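With mmCIF, N, CA and C atoms inside, this is data_39.cif:
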```
data_final
#
loop_
_atom_site.label_atom_id
_atom_site.label_comp_id
_atom_site.auth_asym_id
_atom_site.auth_seq_id
_atom_site.Cartn_x
_atom_site.Cartn_y
_atom_site.Cartn_z
N MET P 87 -7.82 -13.25 2.36
CA MET P 87 -7.19 -12.06 1.79
C MET P 87 -7.44 -10.88 2.72
N LYS P 88 -6.36 -10.13 3.00
CA LYS P 88 -6.44 -8.92 3.81
C LYS P 88 -5.79 -7.79 3.04
N VAL P 89 -6.16 -6.56 3.40
CA VAL P 89 -5.55 -5.37 2.82
C VAL P 89 -4.79 -4.66 3.94
N TYR P 90 -3.47 -4.53 3.76
CA TYR P 90 -2.62 -3.84 4.72
C TYR P 90 -2.30 -2.45 4.18
N VAL P 91 -2.52 -1.43 5.01
CA VAL P 91 -2.31 -0.05 4.59
C VAL P 91 -1.20 0.57 5.42
N ASP P 92 -0.17 1.05 4.73
CA ASP P 92 0.89 1.84 5.35
C ASP P 92 0.25 3.21 5.59
N ALA P 93 -0.33 3.39 6.78
CA ALA P 93 -1.32 4.44 7.00
C ALA P 93 -0.78 5.84 7.27
N ASP P 94 0.48 5.98 7.63
CA ASP P 94 0.96 7.29 8.08
C ASP P 94 0.71 8.41 7.07
N ALA P 95 0.90 8.19 5.81
CA ALA P 95 0.71 9.26 4.82
C ALA P 95 -0.22 8.83 3.69
N CYS P 96 -1.09 7.88 3.95
CA CYS P 96 -1.95 7.34 2.90
C CYS P 96 -3.17 8.24 2.67
N PRO P 97 -3.36 8.72 1.43
CA PRO P 97 -4.50 9.60 1.14
C PRO P 97 -5.78 8.85 0.74
N VAL P 98 -5.75 7.51 0.70
CA VAL P 98 -6.91 6.75 0.22
C VAL P 98 -7.44 5.78 1.28
N LYS P 99 -7.41 6.18 2.52
CA LYS P 99 -7.89 5.31 3.60
C LYS P 99 -9.37 5.00 3.45
N GLN P 100 -10.18 6.02 3.28
CA GLN P 100 -11.63 5.84 3.15
C GLN P 100 -11.97 4.98 1.94
N GLU P 101 -11.30 5.23 0.83
CA GLU P 101 -11.56 4.47 -0.40
C GLU P 101 -11.21 2.99 -0.21
N THR P 102 -10.11 2.74 0.49
CA THR P 102 -9.70 1.36 0.74
C THR P 102 -10.76 0.62 1.54
N VAL P 103 -11.27 1.27 2.59
CA VAL P 103 -12.30 0.65 3.43
C VAL P 103 -13.57 0.42 2.63
N ARG P 104 -13.95 1.38 1.81
CA ARG P 104 -15.18 1.24 1.02
C ARG P 104 -15.12 0.01 0.11
N VAL P 105 -14.02 -0.17 -0.60
CA VAL P 105 -13.89 -1.31 -1.51
C VAL P 105 -13.77 -2.61 -0.71
N ALA P 106 -12.98 -2.61 0.34
CA ALA P 106 -12.81 -3.82 1.15
C ALA P 106 -14.12 -4.25 1.78
N ASP P 107 -14.90 -3.30 2.30
CA ASP P 107 -16.19 -3.63 2.89
C ASP P 107 -17.10 -4.32 1.88
N ARG P 108 -17.09 -3.84 0.66
CA ARG P 108 -17.92 -4.42 -0.40
C ARG P 108 -17.59 -5.89 -0.62
N HIS P 109 -16.32 -6.25 -0.37
CA HIS P 109 -15.87 -7.62 -0.60
C HIS P 109 -15.73 -8.42 0.70
N GLY P 110 -16.06 -7.80 1.82
CA GLY P 110 -15.97 -8.50 3.11
C GLY P 110 -14.54 -8.78 3.54
N LEU P 111 -13.62 -7.88 3.20
CA LEU P 111 -12.21 -8.06 3.52
C LEU P 111 -11.81 -7.23 4.73
N GLU P 112 -10.88 -7.76 5.51
CA GLU P 112 -10.31 -7.01 6.63
C GLU P 112 -9.29 -6.01 6.10
N VAL P 113 -9.32 -4.80 6.65
CA VAL P 113 -8.32 -3.77 6.34
C VAL P 113 -7.53 -3.53 7.61
N VAL P 114 -6.21 -3.62 7.51
CA VAL P 114 -5.32 -3.42 8.65
C VAL P 114 -4.52 -2.14 8.39
N PHE P 115 -4.81 -1.10 9.18
CA PHE P 115 -4.07 0.16 9.08
C PHE P 115 -2.91 0.10 10.06
N VAL P 116 -1.70 0.31 9.57
CA VAL P 116 -0.51 0.25 10.40
C VAL P 116 0.16 1.63 10.37
N SER P 117 0.42 2.18 11.57
CA SER P 117 1.02 3.51 11.64
C SER P 117 1.93 3.62 12.85
N ASN P 118 2.72 4.69 12.87
CA ASN P 118 3.63 4.96 13.98
C ASN P 118 2.97 5.80 15.07
N MET P 119 1.77 6.28 14.82
CA MET P 119 1.07 7.11 15.79
C MET P 119 -0.43 6.88 15.67
N ALA P 120 -1.14 7.15 16.73
CA ALA P 120 -2.59 7.04 16.69
C ALA P 120 -3.13 8.11 15.75
N MET P 121 -4.14 7.75 14.99
CA MET P 121 -4.75 8.70 14.06
C MET P 121 -6.21 8.34 13.87
N ARG P 122 -6.95 9.28 13.43
CA ARG P 122 -8.36 9.03 13.12
C ARG P 122 -8.40 8.26 11.80
N LEU P 123 -9.10 7.14 11.85
CA LEU P 123 -9.20 6.28 10.67
C LEU P 123 -10.66 6.01 10.36
N PRO P 124 -10.96 5.70 9.11
CA PRO P 124 -12.35 5.42 8.77
C PRO P 124 -12.83 4.14 9.43
N ASP P 125 -14.11 4.11 9.73
CA ASP P 125 -14.72 2.91 10.28
C ASP P 125 -15.16 2.02 9.13
N GLY P 126 -15.17 0.74 9.40
CA GLY P 126 -15.63 -0.21 8.41
C GLY P 126 -16.02 -1.50 9.08
N VAL P 127 -16.51 -2.42 8.29
CA VAL P 127 -16.96 -3.71 8.82
C VAL P 127 -15.83 -4.44 9.51
N ALA P 128 -14.66 -4.45 8.89
CA ALA P 128 -13.53 -5.21 9.45
C ALA P 128 -12.26 -4.37 9.38
N VAL P 129 -12.23 -3.31 10.16
CA VAL P 129 -11.06 -2.43 10.20
C VAL P 129 -10.29 -2.70 11.47
N ARG P 130 -9.00 -2.90 11.33
CA ARG P 130 -8.13 -3.11 12.49
C ARG P 130 -7.06 -2.02 12.47
N ARG P 131 -6.77 -1.48 13.64
CA ARG P 131 -5.78 -0.42 13.77
C ARG P 131 -4.59 -0.96 14.54
N ILE P 132 -3.41 -0.80 13.99
CA ILE P 132 -2.17 -1.22 14.65
C ILE P 132 -1.27 0.01 14.76
N VAL P 133 -0.89 0.34 15.98
CA VAL P 133 0.07 1.43 16.20
C VAL P 133 1.35 0.78 16.70
N VAL P 134 2.41 0.94 15.93
CA VAL P 134 3.69 0.34 16.28
C VAL P 134 4.55 1.35 17.02
N ASP P 135 5.58 0.87 17.68
CA ASP P 135 6.51 1.76 18.34
C ASP P 135 7.18 2.67 17.32
N ALA P 136 7.53 3.87 17.76
CA ALA P 136 8.24 4.79 16.88
C ALA P 136 9.59 4.19 16.53
N GLY P 137 10.06 4.48 15.37
CA GLY P 137 11.35 3.97 14.94
C GLY P 137 11.35 3.76 13.45
N PRO P 138 12.52 3.83 12.88
CA PRO P 138 12.60 3.66 11.43
C PRO P 138 12.11 2.28 11.02
N ASP P 139 11.21 2.27 10.08
CA ASP P 139 10.70 1.04 9.46
C ASP P 139 9.90 0.14 10.40
N ALA P 140 9.48 0.62 11.57
CA ALA P 140 8.71 -0.22 12.49
C ALA P 140 7.38 -0.65 11.86
N ALA P 141 6.69 0.27 11.22
CA ALA P 141 5.42 -0.08 10.56
C ALA P 141 5.68 -1.03 9.40
N ASP P 142 6.72 -0.74 8.63
CA ASP P 142 7.06 -1.61 7.50
C ASP P 142 7.37 -3.02 7.97
N ASP P 143 8.16 -3.13 9.03
CA ASP P 143 8.53 -4.44 9.56
C ASP P 143 7.30 -5.20 10.03
N TRP P 144 6.37 -4.51 10.68
CA TRP P 144 5.16 -5.16 11.16
C TRP P 144 4.36 -5.72 9.98
N ILE P 145 4.19 -4.89 8.95
CA ILE P 145 3.44 -5.32 7.77
C ILE P 145 4.10 -6.54 7.13
N VAL P 146 5.40 -6.50 6.94
CA VAL P 146 6.11 -7.60 6.29
C VAL P 146 6.02 -8.88 7.12
N ASP P 147 6.03 -8.75 8.44
CA ASP P 147 5.90 -9.94 9.29
C ASP P 147 4.52 -10.58 9.18
N GLU P 148 3.50 -9.81 8.83
CA GLU P 148 2.12 -10.30 8.81
C GLU P 148 1.60 -10.65 7.42
N ILE P 149 2.05 -9.93 6.40
CA ILE P 149 1.47 -10.07 5.06
C ILE P 149 1.81 -11.43 4.46
N LYS P 150 0.86 -11.94 3.68
CA LYS P 150 1.03 -13.27 3.08
C LYS P 150 0.69 -13.21 1.59
N SER P 151 1.03 -14.26 0.91
CA SER P 151 0.65 -14.40 -0.49
C SER P 151 -0.86 -14.29 -0.61
N GLY P 152 -1.32 -13.52 -1.57
CA GLY P 152 -2.75 -13.31 -1.75
C GLY P 152 -3.28 -12.07 -1.06
N ASP P 153 -2.49 -11.45 -0.18
CA ASP P 153 -2.88 -10.21 0.48
C ASP P 153 -2.51 -9.03 -0.42
N ILE P 154 -2.97 -7.85 -0.01
CA ILE P 154 -2.70 -6.61 -0.74
C ILE P 154 -2.11 -5.59 0.21
N ALA P 155 -1.06 -4.90 -0.24
CA ALA P 155 -0.50 -3.78 0.52
C ALA P 155 -0.78 -2.50 -0.25
N VAL P 156 -1.10 -1.43 0.49
CA VAL P 156 -1.27 -0.10 -0.10
C VAL P 156 -0.18 0.77 0.49
N THR P 157 0.74 1.23 -0.36
CA THR P 157 1.87 2.02 0.12
C THR P 157 2.52 2.78 -1.02
N THR P 158 3.21 3.86 -0.66
CA THR P 158 4.08 4.56 -1.61
C THR P 158 5.53 4.24 -1.32
N ASP P 159 5.77 3.51 -0.24
CA ASP P 159 7.12 3.19 0.21
C ASP P 159 7.69 2.07 -0.67
N ILE P 160 8.65 2.41 -1.51
CA ILE P 160 9.18 1.46 -2.49
C ILE P 160 9.91 0.28 -1.83
N PRO P 161 10.77 0.50 -0.84
CA PRO P 161 11.39 -0.67 -0.19
C PRO P 161 10.34 -1.58 0.47
N LEU P 162 9.30 -1.00 1.07
CA LEU P 162 8.23 -1.81 1.64
C LEU P 162 7.52 -2.59 0.54
N ALA P 163 7.24 -1.92 -0.57
CA ALA P 163 6.60 -2.61 -1.70
C ALA P 163 7.43 -3.80 -2.15
N ASP P 164 8.73 -3.62 -2.24
CA ASP P 164 9.63 -4.70 -2.65
C ASP P 164 9.53 -5.88 -1.68
N ARG P 165 9.55 -5.59 -0.40
CA ARG P 165 9.48 -6.65 0.62
C ARG P 165 8.13 -7.37 0.57
N CYS P 166 7.04 -6.64 0.34
CA CYS P 166 5.72 -7.26 0.24
C CYS P 166 5.61 -8.14 -1.00
N LEU P 167 6.17 -7.67 -2.11
CA LEU P 167 6.17 -8.48 -3.33
C LEU P 167 6.93 -9.79 -3.10
N LYS P 168 8.05 -9.70 -2.40
CA LYS P 168 8.84 -10.90 -2.11
C LYS P 168 8.07 -11.87 -1.21
N ALA P 169 7.13 -11.37 -0.42
CA ALA P 169 6.29 -12.22 0.43
C ALA P 169 5.12 -12.81 -0.36
N GLY P 170 4.99 -12.41 -1.62
CA GLY P 170 3.92 -12.95 -2.46
C GLY P 170 2.67 -12.11 -2.51
N ALA P 171 2.70 -10.93 -1.90
CA ALA P 171 1.53 -10.05 -1.88
C ALA P 171 1.48 -9.18 -3.13
N SER P 172 0.33 -8.59 -3.38
CA SER P 172 0.17 -7.58 -4.42
C SER P 172 0.33 -6.22 -3.76
N VAL P 173 0.80 -5.23 -4.52
CA VAL P 173 1.06 -3.91 -3.95
C VAL P 173 0.53 -2.82 -4.87
N LEU P 174 -0.28 -1.93 -4.29
CA LEU P 174 -0.81 -0.78 -5.01
C LEU P 174 -0.35 0.51 -4.37
N LYS P 175 -0.02 1.49 -5.21
CA LYS P 175 0.22 2.85 -4.72
C LYS P 175 -1.14 3.55 -4.62
N PRO P 176 -1.28 4.56 -3.80
CA PRO P 176 -2.55 5.30 -3.72
C PRO P 176 -2.97 5.93 -5.05
N THR P 177 -2.06 6.04 -5.99
CA THR P 177 -2.40 6.56 -7.32
C THR P 177 -3.00 5.50 -8.22
N GLY P 178 -3.03 4.26 -7.75
CA GLY P 178 -3.57 3.16 -8.54
C GLY P 178 -2.51 2.38 -9.29
N GLU P 179 -1.28 2.86 -9.27
CA GLU P 179 -0.21 2.13 -9.94
C GLU P 179 0.11 0.87 -9.15
N GLU P 180 0.20 -0.25 -9.86
CA GLU P 180 0.51 -1.52 -9.20
C GLU P 180 2.01 -1.81 -9.36
N PHE P 181 2.66 -2.09 -8.23
CA PHE P 181 4.03 -2.55 -8.29
C PHE P 181 4.02 -4.01 -8.70
N SER P 182 5.03 -4.43 -9.42
CA SER P 182 5.17 -5.84 -9.79
C SER P 182 6.64 -6.22 -9.70
N SER P 183 6.89 -7.50 -9.79
CA SER P 183 8.30 -7.94 -9.76
C SER P 183 9.05 -7.38 -10.96
N ALA P 184 8.34 -7.09 -12.04
CA ALA P 184 8.98 -6.53 -13.24
C ALA P 184 9.26 -5.03 -13.09
N SER P 185 8.45 -4.33 -12.30
CA SER P 185 8.61 -2.87 -12.21
C SER P 185 9.36 -2.40 -10.97
N ILE P 186 9.50 -3.25 -9.97
CA ILE P 186 10.05 -2.79 -8.69
C ILE P 186 11.52 -2.39 -8.80
N GLY P 187 12.28 -3.08 -9.64
CA GLY P 187 13.69 -2.73 -9.81
C GLY P 187 13.87 -1.31 -10.33
N MET P 188 13.08 -0.94 -11.34
CA MET P 188 13.15 0.42 -11.88
C MET P 188 12.68 1.43 -10.84
N ALA P 189 11.64 1.10 -10.08
CA ALA P 189 11.16 2.00 -9.04
C ALA P 189 12.24 2.24 -7.99
N MET P 190 12.95 1.18 -7.61
CA MET P 190 14.04 1.32 -6.63
C MET P 190 15.16 2.19 -7.21
N ALA P 191 15.50 1.98 -8.47
CA ALA P 191 16.56 2.77 -9.10
C ALA P 191 16.17 4.25 -9.18
N MET P 192 14.92 4.53 -9.53
CA MET P 192 14.46 5.92 -9.61
C MET P 192 14.44 6.57 -8.22
N ARG P 193 14.07 5.79 -7.21
CA ARG P 193 14.08 6.29 -5.83
C ARG P 193 15.50 6.68 -5.43
N ASP P 194 16.46 5.80 -5.73
CA ASP P 194 17.86 6.07 -5.39
C ASP P 194 18.38 7.28 -6.16
N LEU P 195 18.01 7.40 -7.43
CA LEU P 195 18.44 8.55 -8.23
C LEU P 195 17.86 9.84 -7.66
N SER P 196 16.60 9.83 -7.30
CA SER P 196 15.97 11.02 -6.72
C SER P 196 16.65 11.41 -5.41
N ALA P 197 16.98 10.42 -4.58
CA ALA P 197 17.67 10.70 -3.32
C ALA P 197 19.03 11.32 -3.59
N HIS P 198 19.74 10.80 -4.58
CA HIS P 198 21.06 11.34 -4.94
C HIS P 198 20.92 12.78 -5.43
N LEU P 199 19.93 13.04 -6.26
CA LEU P 199 19.73 14.39 -6.77
C LEU P 199 19.40 15.37 -5.64
N ARG P 200 18.59 14.94 -4.69
CA ARG P 200 18.27 15.81 -3.55
C ARG P 200 19.52 16.10 -2.72
N GLU P 201 20.37 15.07 -2.55
CA GLU P 201 21.60 15.24 -1.78
C GLU P 201 22.55 16.24 -2.45
N THR P 202 22.50 16.33 -3.76
CA THR P 202 23.37 17.25 -4.48
C THR P 202 22.74 18.63 -4.64
N GLY P 203 21.53 18.81 -4.08
CA GLY P 203 20.88 20.11 -4.11
C GLY P 203 19.94 20.32 -5.28
N ALA P 204 19.77 19.33 -6.12
CA ALA P 204 18.85 19.46 -7.25
C ALA P 204 17.41 19.44 -6.77
N GLN P 205 16.58 20.17 -7.45
CA GLN P 205 15.16 20.18 -7.13
C GLN P 205 14.50 18.95 -7.75
N THR P 206 13.72 18.24 -6.96
CA THR P 206 12.93 17.14 -7.51
C THR P 206 11.47 17.48 -7.33
N HIS P 207 10.65 17.02 -8.24
CA HIS P 207 9.24 17.37 -8.24
C HIS P 207 8.40 16.14 -7.97
N HIS P 208 7.45 16.27 -7.05
CA HIS P 208 6.48 15.21 -6.79
C HIS P 208 5.12 15.74 -7.20
N ALA P 209 4.46 15.04 -8.10
CA ALA P 209 3.14 15.46 -8.55
C ALA P 209 2.17 15.40 -7.37
N SER P 210 1.26 16.35 -7.32
CA SER P 210 0.28 16.35 -6.23
C SER P 210 -0.76 15.26 -6.49
N PHE P 211 -1.37 14.81 -5.42
CA PHE P 211 -2.39 13.77 -5.49
C PHE P 211 -3.68 14.39 -6.01
N SER P 212 -4.28 13.77 -7.02
CA SER P 212 -5.44 14.38 -7.67
C SER P 212 -6.70 13.52 -7.53
N ALA P 213 -7.82 14.11 -7.90
CA ALA P 213 -9.09 13.36 -7.92
C ALA P 213 -8.99 12.21 -8.92
N ARG P 214 -8.27 12.40 -9.99
CA ARG P 214 -8.08 11.32 -10.98
C ARG P 214 -7.30 10.17 -10.35
N ASP P 215 -6.27 10.48 -9.55
CA ASP P 215 -5.52 9.43 -8.85
C ASP P 215 -6.44 8.63 -7.93
N ARG P 216 -7.30 9.33 -7.20
CA ARG P 216 -8.23 8.68 -6.27
C ARG P 216 -9.17 7.74 -7.03
N SER P 217 -9.70 8.22 -8.15
CA SER P 217 -10.60 7.43 -8.96
C SER P 217 -9.89 6.20 -9.54
N LEU P 218 -8.68 6.40 -10.01
CA LEU P 218 -7.91 5.28 -10.56
C LEU P 218 -7.60 4.25 -9.48
N PHE P 219 -7.28 4.71 -8.27
CA PHE P 219 -7.03 3.79 -7.17
C PHE P 219 -8.25 2.93 -6.90
N LEU P 220 -9.42 3.55 -6.81
CA LEU P 220 -10.66 2.80 -6.56
C LEU P 220 -10.85 1.71 -7.61
N GLN P 221 -10.66 2.07 -8.86
CA GLN P 221 -10.84 1.12 -9.96
C GLN P 221 -9.81 0.00 -9.88
N LYS P 222 -8.55 0.35 -9.66
CA LYS P 222 -7.49 -0.66 -9.63
C LYS P 222 -7.63 -1.59 -8.43
N LEU P 223 -8.01 -1.06 -7.25
CA LEU P 223 -8.19 -1.91 -6.08
C LEU P 223 -9.34 -2.88 -6.32
N GLU P 224 -10.44 -2.40 -6.85
CA GLU P 224 -11.57 -3.27 -7.17
C GLU P 224 -11.15 -4.37 -8.13
N ASN P 225 -10.47 -4.01 -9.20
CA ASN P 225 -10.02 -5.00 -10.20
C ASN P 225 -9.05 -6.01 -9.60
N LEU P 226 -8.13 -5.53 -8.76
CA LEU P 226 -7.14 -6.41 -8.15
C LEU P 226 -7.81 -7.42 -7.21
N ILE P 227 -8.75 -6.95 -6.40
CA ILE P 227 -9.46 -7.86 -5.50
C ILE P 227 -10.23 -8.91 -6.30
N GLN P 228 -10.91 -8.49 -7.34
CA GLN P 228 -11.65 -9.46 -8.16
C GLN P 228 -10.71 -10.48 -8.79
N LYS P 229 -9.57 -10.03 -9.28
CA LYS P 229 -8.59 -10.94 -9.89
C LYS P 229 -8.07 -11.93 -8.86
N LEU P 230 -7.71 -11.45 -7.67
CA LEU P 230 -7.19 -12.34 -6.63
C LEU P 230 -8.24 -13.33 -6.16
N LYS P 231 -9.50 -12.90 -6.10
CA LYS P 231 -10.58 -13.82 -5.71
C LYS P 231 -10.74 -14.93 -6.74
N ARG P 232 -10.62 -14.59 -8.03
CA ARG P 232 -10.72 -15.61 -9.07
C ARG P 232 -9.57 -16.61 -9.00
N GLN P 233 -8.39 -16.12 -8.61
CA GLN P 233 -7.21 -16.98 -8.55
C GLN P 233 -7.16 -17.82 -7.28
N SER P 234 -7.89 -17.40 -6.25
CA SER P 234 -7.84 -18.07 -4.94
C SER P 234 -8.53 -19.43 -5.03
N PRO P 235 -7.88 -20.47 -4.51
CA PRO P 235 -8.53 -21.78 -4.51
C PRO P 235 -9.73 -21.77 -3.58
N ARG P 236 -10.80 -22.37 -4.02
CA ARG P 236 -12.02 -22.45 -3.21
C ARG P 236 -11.83 -23.51 -2.13
N THR P 237 -12.31 -23.20 -0.92
CA THR P 237 -12.22 -24.18 0.17
C THR P 237 -13.57 -24.75 0.50
#
```
Any chance you could give the structure as structure tokens?
Amino acid sequence: MKVYVDADACPVKQETVRVADRHGLEVVFVSNMAMRLPDGVAVRRIVVDAGPDAADDWIVDEIKSGDIAVTTDIPLADRCLKAGASVLKPTGEEFSSASIGMAMAMRDLSAHLRETGAQTHHASFSARDRSLFLQKLENLIQKLKRQSPRT
């Protein structure tokens, strides 16, 4: 099991490493540019070429069933779910095959509203979101470990 982080705008990098280190998991940060990232036992940094969806494409090419993706990017979340991975938003919300369709529809609606000049509101990231993410990531890793066949 690995944790892949869409790192360009992720506010929970340190938290991800802290939880992954506790479980001995590799964290792979993928971004379009070099950035300062937290150190950890098994942290890997991948900088992809600039371009639309280059980081997303890299993650999708690597992620496997049983892995975890951390992203707010809904199309990336959909692609990771289709690869059999679990997906968490930095707010702790877990995407699922049951919820991704509605998330995609809301994303498209928001884009349409912005195109027509309507104001859309994005809630700011809070300490509660950070705490919920820590709890949800811990729970998700424990659940996946229980489901994983022992070798």
Coordinates-based distance that separates atom C of Ser185 in chain P from CA of Val134 in chain P (Å, one decimal):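 Straight-line distance from CA of Val134 in chain P to atom C of Ser185 in chain P works out to 28.0 Å.
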Result set of the PyMOL selection byres (((chain P and resi 92-102 and name CA) around 10) and name CA) on the coordinates above, as number ranges by chain: P: 89-91, 103-107, 113-121, 123-126, 131-133, 141-142, 145, 155-159, 162, 175-177, 211, 215-217, 219-220, 223-224
Writer output for current selection, N, CA and C atoms, as a short mmCIF file (atom, residue, chain, number, x, y, z; two decimals), in the coordinates of the input:
```cif
data_model
loop_
_atom_site.label_atom_id
_atom_site.label_comp_id
_atom_site.auth_asym_id
_atom_site.auth_seq_id
_atom_site.Cartn_x
_atom_site.Cartn_y
_atom_site.Cartn_z
N VAL P 89 -6.16 -6.56 3.40
CA VAL P 89 -5.55 -5.37 2.82
C VAL P 89 -4.79 -4.66 3.94
N TYR P 90 -3.47 -4.53 3.76
CA TYR P 90 -2.62 -3.84 4.72
C TYR P 90 -2.30 -2.45 4.18
N VAL P 91 -2.52 -1.43 5.01
CA VAL P 91 -2.31 -0.05 4.59
C VAL P 91 -1.20 0.57 5.42
N VAL P 103 -11.27 1.27 2.59
CA VAL P 103 -12.30 0.65 3.43
C VAL P 103 -13.57 0.42 2.63
N ARG P 104 -13.95 1.38 1.81
CA ARG P 104 -15.18 1.24 1.02
C ARG P 104 -15.12 0.01 0.11
N VAL P 105 -14.02 -0.17 -0.60
CA VAL P 105 -13.89 -1.31 -1.51
C VAL P 105 -13.77 -2.61 -0.71
N ALA P 106 -12.98 -2.61 0.34
CA ALA P 106 -12.81 -3.82 1.15
C ALA P 106 -14.12 -4.25 1.78
N ASP P 107 -14.90 -3.30 2.30
CA ASP P 107 -16.19 -3.63 2.89
C ASP P 107 -17.10 -4.32 1.88
N VAL P 113 -9.32 -4.80 6.65
CA VAL P 113 -8.32 -3.77 6.34
C VAL P 113 -7.53 -3.53 7.61
N VAL P 114 -6.21 -3.62 7.51
CA VAL P 114 -5.32 -3.42 8.65
C VAL P 114 -4.52 -2.14 8.39
N PHE P 115 -4.81 -1.10 9.18
CA PHE P 115 -4.07 0.16 9.08
C PHE P 115 -2.91 0.10 10.06
N VAL P 116 -1.70 0.31 9.57
CA VAL P 116 -0.51 0.25 10.40
C VAL P 116 0.16 1.63 10.37
N SER P 117 0.42 2.18 11.57
CA SER P 117 1.02 3.51 11.64
C SER P 117 1.93 3.62 12.85
N ASN P 118 2.72 4.69 12.87
CA ASN P 118 3.63 4.96 13.98
C ASN P 118 2.97 5.80 15.07
N MET P 119 1.77 6.28 14.82
CA MET P 119 1.07 7.11 15.79
C MET P 119 -0.43 6.88 15.67
N ALA P 120 -1.14 7.15 16.73
CA ALA P 120 -2.59 7.04 16.69
C ALA P 120 -3.13 8.11 15.75
N MET P 121 -4.14 7.75 14.99
CA MET P 121 -4.75 8.70 14.06
C MET P 121 -6.21 8.34 13.87
N LEU P 123 -9.10 7.14 11.85
CA LEU P 123 -9.20 6.28 10.67
C LEU P 123 -10.66 6.01 10.36
N PRO P 124 -10.96 5.70 9.11
CA PRO P 124 -12.35 5.42 8.77
C PRO P 124 -12.83 4.14 9.43
N ASP P 125 -14.11 4.11 9.73
CA ASP P 125 -14.72 2.91 10.28
C ASP P 125 -15.16 2.02 9.13
N GLY P 126 -15.17 0.74 9.40
CA GLY P 126 -15.63 -0.21 8.41
C GLY P 126 -16.02 -1.50 9.08
N ARG P 131 -6.77 -1.48 13.64
CA ARG P 131 -5.78 -0.42 13.77
C ARG P 131 -4.59 -0.96 14.54
N ILE P 132 -3.41 -0.80 13.99
CA ILE P 132 -2.17 -1.22 14.65
C ILE P 132 -1.27 0.01 14.76
N VAL P 133 -0.89 0.34 15.98
CA VAL P 133 0.07 1.43 16.20
C VAL P 133 1.35 0.78 16.70
N ALA P 141 6.69 0.27 11.22
CA ALA P 141 5.42 -0.08 10.56
C ALA P 141 5.68 -1.03 9.40
N ASP P 142 6.72 -0.74 8.63
CA ASP P 142 7.06 -1.61 7.50
C ASP P 142 7.37 -3.02 7.97
N ILE P 145 4.19 -4.89 8.95
CA ILE P 145 3.44 -5.32 7.77
C ILE P 145 4.10 -6.54 7.13
N ALA P 155 -1.06 -4.90 -0.24
CA ALA P 155 -0.50 -3.78 0.52
C ALA P 155 -0.78 -2.50 -0.25
N VAL P 156 -1.10 -1.43 0.49
CA VAL P 156 -1.27 -0.10 -0.10
C VAL P 156 -0.18 0.77 0.49
N THR P 157 0.74 1.23 -0.36
CA THR P 157 1.87 2.02 0.12
C THR P 157 2.52 2.78 -1.02
N THR P 158 3.21 3.86 -0.66
CA THR P 158 4.08 4.56 -1.61
C THR P 158 5.53 4.24 -1.32
N ASP P 159 5.77 3.51 -0.24
CA ASP P 159 7.12 3.19 0.21
C ASP P 159 7.69 2.07 -0.67
N LEU P 162 9.30 -1.00 1.07
CA LEU P 162 8.23 -1.81 1.64
C LEU P 162 7.52 -2.59 0.54
N LYS P 175 -0.02 1.49 -5.21
CA LYS P 175 0.22 2.85 -4.72
C LYS P 175 -1.14 3.55 -4.62
N PRO P 176 -1.28 4.56 -3.80
CA PRO P 176 -2.55 5.30 -3.72
C PRO P 176 -2.97 5.93 -5.05
N THR P 177 -2.06 6.04 -5.99
CA THR P 177 -2.40 6.56 -7.32
C THR P 177 -3.00 5.50 -8.22
N PHE P 211 -1.37 14.81 -5.42
CA PHE P 211 -2.39 13.77 -5.49
C PHE P 211 -3.68 14.39 -6.01
N ASP P 215 -6.27 10.48 -9.55
CA ASP P 215 -5.52 9.43 -8.85
C ASP P 215 -6.44 8.63 -7.93
N ARG P 216 -7.30 9.33 -7.20
CA ARG P 216 -8.23 8.68 -6.27
C ARG P 216 -9.17 7.74 -7.03
N SER P 217 -9.70 8.22 -8.15
CA SER P 217 -10.60 7.43 -8.96
C SER P 217 -9.89 6.20 -9.54
N PHE P 219 -7.28 4.71 -8.27
CA PHE P 219 -7.03 3.79 -7.17
C PHE P 219 -8.25 2.93 -6.90
N LEU P 220 -9.42 3.55 -6.81
CA LEU P 220 -10.66 2.80 -6.56
C LEU P 220 -10.85 1.71 -7.61
N LEU P 223 -8.01 -1.06 -7.25
CA LEU P 223 -8.19 -1.91 -6.08
C LEU P 223 -9.34 -2.88 -6.32
N GLU P 224 -10.44 -2.40 -6.85
CA GLU P 224 -11.57 -3.27 -7.17
C GLU P 224 -11.15 -4.37 -8.13
#
```
Among listed residues P:Ala140, P:Leu111, P:Ile186, P:Leu226, nearest Ser172 in chain P (using only C-alpha atoms): P:Leu226
Shell of 6.5 Å around Gly170 in chain P, only N, CA and C atoms, local chain residues under 6 positions omitted, as a PyMOL selection string: chain P and resi 150-153
Atom-to-atom span, atom C of Lys222 in chain P and atom C of Gly178 in chain P, Å: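 For atom C of Lys222 in chain P relative to atom C of Gly178 in chain P, the distance reads 6.5 Å.
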Result set of the PyMOL selection byres ((chain P and resi 182) around 8) on the coordinates above, as a list in words: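 Going through the file, the PyMOL selection byres ((chain P and resi 182) around 8) ends up selecting Ala163, Asp164, Leu167, Ser172, Val173, Leu174, Glu179, Glu180, Phe181, Ser183, Ala184, Ser185, Ile186 and Gly187 of chain P.
One distance worth recording is that between atom N of Glu112 in chain P and atom N of Ala128 in chain P, which is 6.1 Å.
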Pick from P:Gly110, P:Ala171, P:Gln221, P:Leu230, whichever lies nearest to Val127 in chain P using only N, CA and C atoms: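 Of the candidates, the smallest distance to Val127 in chain P is held by P:Gly110.
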Nearest to Ile227 in chain P by atom-to-atom distance, counting only C-alpha atoms, from P:Arg130, P:Arg214, P:His109, P:Arg122: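 Among P:Arg130, P:Arg214, P:His109, P:Arg122, it is P:His109 that comes nearest to Ile227 in chain P.
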